[in-house]
Structure formats: C-alpha cells, structure tokens
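Data block for target.csv (CSV, C-alpha atoms):
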```csv
chain,number,residue,atom,x,y,z
H,52,MET,CA,-2.7,8.7,6.2
H,53,PRO,CA,-2.6,4.9,6.0
H,54,GLU,CA,-6.0,3.2,6.0
H,55,PHE,CA,-4.8,0.6,8.5
H,56,ASP,CA,-3.9,0.4,12.2
H,57,ALA,CA,-0.6,-1.0,13.3
H,58,ILE,CA,0.1,-2.2,16.9
H,59,ALA,CA,3.5,-1.8,18.5
H,60,ASP,CA,5.1,-2.7,21.8
H,61,ARG,CA,8.4,-3.4,23.5
H,62,ARG,CA,9.9,-5.5,26.3
H,63,THR,CA,13.1,-5.7,28.3
H,64,VAL,CA,14.0,-9.2,29.1
H,65,THR,CA,16.4,-10.2,31.9
H,66,LEU,CA,18.5,-13.1,30.8
H,67,LYS,CA,19.3,-16.2,32.8
H,68,GLY,CA,23.0,-15.9,32.1
H,69,GLY,CA,23.1,-12.2,33.0
H,70,GLY,CA,22.5,-9.1,31.1
H,71,GLU,CA,19.4,-7.8,29.3
H,72,LEU,CA,17.7,-8.1,26.0
H,73,SER,CA,15.5,-5.3,24.5
H,74,LEU,CA,12.9,-6.2,22.0
H,75,SER,CA,10.6,-3.9,20.1
H,76,TRP,CA,8.0,-5.0,17.6
H,77,ALA,CA,5.1,-3.9,15.5
H,78,ALA,CA,2.3,-5.8,13.6
H,79,VAL,CA,-0.3,-5.0,11.0
H,80,THR,CA,-2.8,-6.9,8.9
H,81,HIS,CA,-5.0,-5.7,6.0
H,82,ARG,CA,-7.4,-7.4,3.6
H,83,GLY,CA,-5.7,-5.8,0.6
H,84,MET,CA,-7.3,-4.1,-2.4
H,85,ARG,CA,-9.0,-7.0,-4.1
H,86,ARG,CA,-10.3,-9.4,-1.3
H,87,GLU,CA,-13.6,-8.9,0.4
H,88,LEU,CA,-12.4,-10.5,3.6
H,89,ASN,CA,-9.2,-10.6,5.6
H,90,GLN,CA,-8.4,-14.3,6.2
H,91,ASP,CA,-5.1,-13.5,7.8
H,92,ALA,CA,-4.5,-13.2,11.5
H,93,VAL,CA,-1.5,-12.1,13.6
H,94,LEU,CA,-0.2,-12.7,17.1
H,95,ALA,CA,2.4,-10.3,18.4
H,96,ASP,CA,2.7,-10.9,22.1
H,97,TYR,CA,6.0,-11.7,23.8
H,98,PRO,CA,7.6,-14.2,23.5
H,99,LEU,CA,5.6,-15.5,20.5
H,100,PHE,CA,5.1,-13.7,17.1
H,101,ILE,CA,2.9,-15.4,14.5
H,102,VAL,CA,1.3,-14.8,11.1
H,103,ALA,CA,-1.5,-17.2,10.0
H,104,ASP,CA,-2.9,-17.0,6.4
H,105,GLY,CA,-6.2,-18.8,6.2
H,106,MET,CA,-7.7,-20.5,3.2
H,107,GLY,CA,-11.1,-22.0,2.4
H,108,GLY,CA,-14.4,-21.1,1.0
H,109,HIS,CA,-17.0,-18.8,2.7
H,110,LEU,CA,-15.6,-17.9,6.1
H,111,GLY,CA,-13.4,-21.0,6.4
H,112,GLY,CA,-10.0,-19.3,6.0
H,113,GLU,CA,-10.9,-16.6,8.5
H,114,ILE,CA,-12.1,-19.2,11.0
H,115,ALA,CA,-9.0,-21.3,10.6
H,116,SER,CA,-6.4,-18.5,11.0
H,117,ALA,CA,-8.3,-17.0,14.0
H,118,SER,CA,-8.6,-20.5,15.6
H,119,ALA,CA,-4.8,-21.0,15.3
H,120,VAL,CA,-3.9,-17.6,16.6
H,121,ASP,CA,-6.4,-17.9,19.5
H,122,ARG,CA,-5.0,-21.2,20.6
H,123,LEU,CA,-1.4,-20.0,20.4
H,124,GLY,CA,-2.4,-16.9,22.3
H,125,ASP,CA,-3.5,-19.2,25.1
H,126,LEU,CA,0.0,-20.4,25.4
H,127,VAL,CA,1.4,-16.9,25.9
H,128,ARG,CA,-1.1,-16.3,28.7
H,129,ASP,CA,-0.1,-19.6,30.3
H,130,GLY,CA,3.6,-18.9,29.9
H,131,ARG,CA,4.5,-22.2,28.3
H,132,ILE,CA,5.9,-21.9,24.8
H,133,ASN,CA,7.8,-24.9,23.3
H,134,PRO,CA,7.3,-27.2,20.4
H,135,LYS,CA,5.2,-29.7,22.3
H,136,SER,CA,2.8,-27.1,23.6
H,137,ILE,CA,2.6,-25.4,20.2
H,138,GLU,CA,1.6,-28.6,18.5
H,139,LYS,CA,-1.0,-29.4,21.1
H,140,ALA,CA,-2.4,-25.9,20.6
H,141,LEU,CA,-2.5,-26.4,16.8
H,142,SER,CA,-4.3,-29.7,17.3
H,143,ARG,CA,-6.9,-27.9,19.4
H,144,ALA,CA,-7.2,-25.4,16.7
H,145,VAL,CA,-7.9,-28.1,14.2
H,146,LYS,CA,-10.7,-29.4,16.4
H,147,ASP,CA,-12.1,-25.9,16.6
H,148,ILE,CA,-12.1,-25.6,12.9
H,149,ILE,CA,-13.9,-29.0,12.4
H,150,ALA,CA,-16.5,-28.1,15.0
H,151,HIS,CA,-17.3,-24.6,13.6
H,152,PRO,CA,-20.6,-24.7,11.7
H,153,GLU,CA,-19.3,-22.3,9.0
H,154,ALA,CA,-16.0,-24.0,8.3
H,155,THR,CA,-17.6,-26.4,5.7
H,156,ASP,CA,-15.0,-26.4,3.0
H,157,ASP,CA,-12.7,-29.5,2.8
H,158,GLY,CA,-9.9,-27.1,1.9
H,159,THR,CA,-10.2,-25.1,5.0
H,160,GLY,CA,-6.9,-24.5,6.8
H,161,THR,CA,-4.2,-22.0,7.6
H,162,THR,CA,-0.5,-21.4,7.4
H,163,VAL,CA,1.2,-20.8,10.8
H,164,THR,CA,4.6,-19.2,10.7
H,165,GLY,CA,6.6,-17.2,13.3
H,166,ILE,CA,9.2,-17.1,16.0
H,167,PHE,CA,9.5,-17.4,19.7
H,168,LEU,CA,12.2,-16.5,22.2
H,169,GLU,CA,13.6,-19.3,24.3
H,170,THR,CA,15.2,-18.1,27.5
H,171,THR,CA,15.4,-21.1,29.8
H,172,GLY,CA,19.0,-21.9,28.9
H,173,VAL,CA,22.1,-19.9,29.8
H,174,GLU,CA,22.1,-18.4,26.4
H,175,PRO,CA,18.8,-17.3,24.8
H,176,THR,CA,17.8,-18.5,21.3
H,177,TRP,CA,15.2,-17.8,18.8
H,178,VAL,CA,13.1,-20.7,17.4
H,179,THR,CA,11.3,-20.2,14.1
H,180,LEU,CA,8.3,-22.4,13.2
H,181,ASN,CA,6.6,-22.9,9.9
H,182,ILE,CA,3.7,-24.7,8.3
H,183,GLY,CA,2.8,-23.4,4.8
H,184,ASP,CA,4.1,-20.6,2.7
H,185,SER,CA,4.1,-17.6,5.0
H,186,ARG,CA,7.7,-16.6,5.8
H,187,VAL,CA,10.2,-15.5,8.3
H,188,TYR,CA,13.0,-13.3,7.1
H,189,LEU,CA,16.1,-12.1,9.1
H,190,LEU,CA,18.0,-8.9,8.4
H,191,ARG,CA,21.5,-9.4,10.0
H,192,ASP,CA,24.3,-7.0,9.4
H,193,GLY,CA,22.7,-5.7,6.2
H,194,THR,CA,22.0,-9.1,4.7
H,195,LEU,CA,18.3,-10.2,4.2
H,196,ALA,CA,17.8,-14.0,4.4
H,197,GLN,CA,14.6,-16.1,4.1
H,198,VAL,CA,14.9,-18.4,7.1
H,199,THR,CA,11.9,-20.6,6.6
H,200,THR,CA,11.3,-22.9,3.6
H,201,ASP,CA,7.9,-22.7,1.9
H,202,HIS,CA,5.7,-25.8,1.9
H,203,SER,CA,4.5,-25.3,-1.6
H,204,VAL,CA,4.3,-27.0,-5.0
H,205,VAL,CA,6.5,-24.3,-6.5
H,206,GLN,CA,9.2,-24.7,-3.8
H,207,GLU,CA,9.3,-28.4,-4.4
H,208,LEU,CA,9.8,-27.8,-8.1
H,209,ILE,CA,12.6,-25.3,-7.4
H,210,ALA,CA,14.2,-27.8,-5.0
H,211,SER,CA,14.1,-30.5,-7.6
H,212,GLY,CA,15.7,-28.3,-10.2
H,213,ARG,CA,12.6,-28.3,-12.4
H,214,LEU,CA,11.8,-24.7,-11.9
H,215,SER,CA,13.9,-21.5,-11.5
H,216,PRO,CA,13.1,-18.9,-8.9
H,217,GLU,CA,12.4,-16.5,-11.7
H,218,GLU,CA,9.9,-18.9,-13.4
H,219,ALA,CA,8.3,-19.5,-10.0
H,220,GLU,CA,7.1,-15.9,-9.7
H,221,ASN,CA,4.3,-16.4,-12.2
H,222,HIS,CA,3.7,-20.1,-12.0
H,223,PRO,CA,0.0,-21.1,-12.1
H,224,TYR,CA,0.4,-23.3,-9.0
H,225,GLY,CA,2.0,-20.4,-7.1
H,226,ASN,CA,-0.7,-20.5,-4.4
H,227,VAL,CA,-0.8,-24.2,-3.9
H,228,ILE,CA,0.7,-25.2,-0.5
H,229,THR,CA,1.7,-28.7,0.5
H,230,ARG,CA,1.2,-28.4,4.3
H,231,ALA,CA,-1.3,-26.5,6.4
H,232,VAL,CA,-3.1,-26.5,9.7
H,233,GLY,CA,-6.5,-28.0,8.9
H,234,PRO,CA,-8.8,-31.0,9.3
H,235,SER,CA,-6.7,-33.3,7.0
H,236,GLU,CA,-3.2,-31.9,7.6
H,237,SER,CA,-0.2,-32.3,9.9
H,238,VAL,CA,0.3,-29.9,12.8
H,239,HIS,CA,4.0,-30.5,13.0
H,240,PRO,CA,6.0,-27.3,12.0
H,241,ASP,CA,9.5,-27.2,10.8
H,242,TYR,CA,11.8,-25.6,13.5
H,243,ILE,CA,15.0,-23.6,13.1
H,244,ARG,CA,17.1,-22.4,16.0
H,245,LEU,CA,19.0,-19.1,15.7
H,246,ASP,CA,21.4,-17.2,18.0
H,247,VAL,CA,20.2,-13.9,19.6
H,248,LEU,CA,22.4,-11.1,18.2
H,249,ASP,CA,22.3,-7.4,18.7
H,250,GLY,CA,20.8,-5.5,15.7
H,251,ASP,CA,18.9,-8.4,14.2
H,252,ARG,CA,15.5,-7.6,12.6
H,253,PHE,CA,12.9,-10.3,11.9
H,254,VAL,CA,10.1,-10.0,9.4
H,255,ILE,CA,7.2,-12.4,9.6
H,256,CYS,CA,4.7,-12.1,6.8
H,257,SER,CA,2.0,-13.7,4.7
H,258,ASP,CA,2.5,-14.1,1.0
H,259,GLY,CA,0.5,-11.0,0.4
H,260,LEU,CA,3.7,-9.1,1.2
H,261,THR,CA,6.0,-11.1,-1.0
H,262,LYS,CA,3.5,-10.9,-3.9
H,263,GLU,CA,4.0,-7.1,-3.9
H,264,LEU,CA,7.5,-6.5,-2.6
H,265,THR,CA,10.7,-8.3,-3.7
H,266,ASP,CA,13.4,-9.2,-1.1
H,267,PHE,CA,15.2,-6.1,-2.2
H,268,GLY,CA,12.1,-4.0,-1.4
H,269,ILE,CA,11.7,-5.5,2.1
H,270,ARG,CA,15.4,-4.9,2.8
H,271,HIS,CA,15.1,-1.3,1.6
H,272,PHE,CA,12.2,-0.5,4.0
H,273,LEU,CA,14.0,-2.1,6.9
H,274,LEU,CA,17.2,-0.2,6.3
H,275,GLU,CA,15.4,3.1,5.8
H,276,ASN,CA,13.2,2.9,8.9
H,277,GLU,CA,14.6,2.1,12.4
H,278,ASP,CA,11.2,2.2,14.0
H,279,PRO,CA,9.5,-1.1,13.4
H,280,GLN,CA,6.1,0.5,13.3
H,281,VAL,CA,7.2,2.9,10.6
H,282,ALA,CA,8.8,0.1,8.7
H,283,ILE,CA,5.6,-2.0,8.6
H,284,GLU,CA,3.5,1.0,7.7
H,285,GLN,CA,5.7,1.8,4.8
H,286,MET,CA,5.8,-1.8,3.6
H,287,MET,CA,2.1,-2.1,3.9
H,288,GLN,CA,1.5,1.2,2.0
H,289,ALA,CA,3.8,0.0,-0.8
H,290,CYS,CA,1.9,-3.3,-1.0
H,291,LEU,CA,-1.4,-1.5,-1.4
H,292,ASP,CA,0.1,0.9,-3.9
H,293,ASN,CA,1.4,-2.0,-5.9
H,294,GLY,CA,-2.1,-3.6,-6.2
H,295,GLY,CA,-2.6,-5.4,-2.9
H,296,ARG,CA,-3.8,-8.6,-4.6
H,297,ASP,CA,-4.0,-10.6,-1.4
H,298,ASN,CA,-4.5,-10.2,2.3
H,299,ILE,CA,-1.3,-8.7,3.8
H,300,SER,CA,0.2,-9.3,7.2
H,301,ILE,CA,3.5,-8.1,8.5
H,302,VAL,CA,5.3,-8.4,11.9
H,303,VAL,CA,8.7,-6.8,12.5
H,304,VAL,CA,10.7,-7.7,15.6
H,305,ASP,CA,13.9,-5.8,16.5
H,306,VAL,CA,16.6,-7.1,18.8
H,307,ARG,CA,19.0,-5.1,20.9
H,308,ARG,CA,21.5,-7.1,22.9
H,309,PRO,CA,24.5,-5.1,24.1
H,310,GLY,CA,27.7,-7.0,24.1
H,311,THR,CA,27.0,-9.3,21.1
H,312,ARG,CA,28.1,-8.6,17.5
H,313,PRO,CA,27.0,-10.3,14.2
H,314,PRO,CA,29.7,-12.4,12.5
H,315,ASP,CA,31.7,-10.7,9.8
H,316,LEU,CA,30.3,-11.0,6.3
H,317,THR,CA,32.1,-13.2,3.8
H,318,ASP,CA,32.6,-12.0,0.3
H,319,ASP,CA,29.6,-14.1,-0.8
H,320,ASP,CA,27.5,-12.5,1.9
H,321,THR,CA,28.6,-9.0,0.8
H,322,ASP,CA,27.5,-9.8,-2.8
H,323,THR,CA,24.2,-11.1,-1.5
H,324,ALA,CA,23.6,-8.0,0.6
H,325,GLU,CA,24.3,-5.7,-2.4
H,326,ARG,CA,21.8,-7.7,-4.5
H,327,GLY,CA,19.2,-7.7,-1.8
H,328,SER,CA,18.4,-11.4,-2.4
H,329,ALA,CA,17.6,-13.9,0.3
H,330,ARG,CA,20.4,-16.0,1.8
H,331,ARG,CA,19.7,-18.5,4.5
H,332,PRO,CA,21.6,-17.7,7.8
H,333,GLN,CA,23.6,-20.3,9.6
H,334,ALA,CA,21.2,-22.1,11.9
H,335,SER,CA,20.4,-25.5,13.2
H,336,VAL,CA,17.3,-27.2,11.7
H,337,SER,CA,15.3,-29.5,13.8
H,338,GLY,CA,12.0,-31.4,13.8
H,339,ALA,CA,9.6,-31.4,16.7
H,340,SER,CA,10.9,-34.8,17.9
H,341,SER,CA,14.6,-34.0,17.6
H,342,PRO,CA,16.8,-33.2,20.6
H,343,GLU,CA,17.2,-29.6,19.5
H,344,ALA,CA,13.5,-29.0,19.3
H,345,ASP,CA,12.9,-30.8,22.6
H,346,SER,CA,15.5,-28.6,24.3
H,347,ALA,CA,13.3,-25.6,23.6
H,348,SER,CA,10.7,-27.0,26.0
```

Now that the file is in, can you turn its structure into structure tokens?
Amino acid sequence: MPEFDAIADRRTVTLKGGGELSLSWAAVTHRGMRRELNQDAVLADYPLFIVADGMGGHLGGEIASASAVDRLGDLVRDGRINPKSIEKALSRAVKDIIAHPEATDDGTGTTVTGIFLETTGVEPTWVTLNIGDSRVYLLRDGTLAQVTTDHSVVQELIASGRLSPEEAENHPYGNVITRAVGPSESVHPDYIRLDVLDGDRFVICSDGLTKELTDFGIRHFLLENEDPQVAIEQMMQACLDNGGRDNISIVVVDVRRPGTRPPDLTDDDTDTAERGSARRPQASVSGASSPEADSAS
C-alpha cells in the first residue's frame, strides 16, 4: 500500500449559459525519500487548485508555502476568486512570512501555481496562474502540453537559445528560480485563459514530480487511469520508486462537459502525442493588469 494519503472530491457546476459541468479531482503531497521536511503545500477546493513549493532554510519554506495556501484558501471560503483577489491574498501571505519568527532566511519564499474556474460569463473558462517553476499540464485529446512557463534561470537560457531542453535536465542551476512569493519578490502571477472542454485533464505539480517522471511518463499514467485518485497515487509511487529526490505534490482535475468536443489534432499535434512531449495548447496569455485578466474578476 502507498505510504501517503490522497484526497479526492467532485462537484457538479450549473453554468450561467445553461448546462452542467462535472469536475472530479484528487491531490497528494509527500516529502519524498531524501528530504526531512515537506515544504510543499496543496489546495484542492473548488474552484481553486494550487500547488506551492516552499524554499528557505530551517522552516522557512514550509512557512511560506503554508502561508500562501492558507491565504488563497480564505478566498475560496469568501467566494471571490479573480486575479486582483489572488494578488491581494499573496501580498498578505508575504506579510505573514515576514512576521513569522521562524522565517529568518532571506531566501524564504514559495512558488504558487494552479488553476481556477471562472463561471461569471456566458461561457466558463479556466484561468491558470503561475509564479515560479511548479507547473500546470493539460492533457487534451491525447496530447500532453505544459501550459505554464517556468520562472527559472534554466528556462531563460532555453528561451535565449543558449541551452537545449536536454542539457537543461542536468544543469547545475536547475533549481534556481527567478520569481517567487517572498519578502523581496513580486506577487504578480502570469495568467493564461483556456476553454472548458469535455475530457480535459489538468495536472498541477511541484518540480518533485518532473524530476522523477518525464512528460511521457505523466501522460502514460493519465491515459492508463481514469480515476484521478488512482492516477496521482500511481504517479506518486513511481516518483518514490525513482528516488523521490525532492518533495512531491500532484493535483489532477478532470473535466466532463457534455456537448463540447476538443478540436481535431493537426499532423504536428499527432506527432507530439506519439512522442509524449509537451506542446503548449492554444490559449490567450494575459498579465494581471490586462483586460483579459481583469475580465476574470
């Protein structure tokens, strides 16, 4: 039996434009095989799904991730999820971190990555948010795509053409991120808006998952396991079997929306699906101050 406990839940959402949306999800976090503490934290509470990967000496990382998740959890209880409220919550989390007597490391901070469902318009949309190098993946019609872009030194080197993805896997600066929620950092996430389509599966994870499983491996476990709880348990066990070098957090969210169909795959998409590599889905990218992000409020 696995040495970890997953949580799972489901929700049926009545849409403003008519019809229903069925969501089911599961979440799990584990300290891994080599770390003494688990500095990750997860939030899986409709309509907001978050992974936070803390960093900092002593208890700093654990305090930072817990502060971010607690403040975002307050938004769920208040029923107000939008970019402005998210950034206010993260600013409060930074104040919590600064005020905590055991968060003494200047490098204390946390990633914050996830998705929320926006249902105030005629058509629902997903909004992804990201600070740091935790990730959101989307499995759509058999193709796995990394939706978020890492805020990391390695990603900047890849984007500039100075490093290949293969070289990045073992780069000495692989753990150095360029943006985090912390005392000296910005709390403005990147946002991406996505259509809500039947059959979509989201994976939200800390880098403890991607250190142990390739994109092909993640896709394999999603395709082999329809139940999100079984999928995350199998992925977690594989990570631990592969060494579990870091804290590991995984959230899987499944979407059932009768009457909608994913777009047909192009030839390029088919090749990508067969390789199991990540391909960014079509989406609108917006910052917190842009009209698209504001429309989520």

Sorted by chain and rising residue number, which residues of stretch 52-148 of chain H lie within 10 Å of stretch 241-257 of chain H, and what are their closest atom pairs and distances in Å to one decimal, counting only C-alpha atoms, as CSV?
```
residue,atom,partner,partner_atom,distance
H:Leu72,CA,H:Asp249,CA,8.7
H:Ser73,CA,H:Asp249,CA,9.2
H:Leu74,CA,H:Arg252,CA,9.9
H:Ser75,CA,H:Arg252,CA,9.7
H:Trp76,CA,H:Phe253,CA,9.2
H:Ala77,CA,H:Val254,CA,10.0
H:Ala78,CA,H:Ile255,CA,9.1
H:Val79,CA,H:Cys256,CA,9.6
H:Thr80,CA,H:Ser257,CA,9.3
H:Asp91,CA,H:Ser257,CA,7.7
H:Ala92,CA,H:Ser257,CA,9.4
H:Val93,CA,H:Cys256,CA,9.2
H:Phe100,CA,H:Ile255,CA,7.9
H:Ile101,CA,H:Ile255,CA,7.2
H:Val102,CA,H:Cys256,CA,6.1
H:Ala103,CA,H:Ser257,CA,7.3
H:Asp104,CA,H:Ser257,CA,6.1
H:Gly105,CA,H:Ser257,CA,9.8
H:Pro134,CA,H:Tyr242,CA,8.4
```

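Relative to atom CA of H:Thr162, atom CA of H:Ala150 is found at 18.9 Å.
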
From the list H:Ile137, H:Ala115, H:Val302, H:Ile132, which residue is nearest H:Arg186 when using all atoms listed in the file? H:Val302

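For the residues H:Glu207, H:Asp147, H:Asp297, H:Asp258, ranking by smallest atom-to-atom distance to H:Arg86 using all atoms listed in the file places H:Asp297 first.
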
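If all atoms listed in the file are the atoms counted, then among H:Asp96, H:Arg82, H:Val145, H:Ala154 the closest residue to H:Val127 is H:Asp96.
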
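Note that the spacing between atom CA of H:Thr261 and atom CA of H:Gly294 amounts to 12.2 Å.
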
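Distance annotation: of H:Asn89, H:Gln285, H:Asn133, H:Ser118, the residue with the minimal separation from H:Thr170 is H:Asn133; atom set is all atoms listed in the file.
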
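In this model, the gap between atom CA of H:Glu277 and atom CA of H:Val198 comes to 21.2 Å.
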
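Between H:Gly259 and the candidates H:Val178, H:Leu273, H:Ile301, H:Ile228, the tightest atom-to-atom separation, counting all atoms listed in the file, involves H:Ile301.
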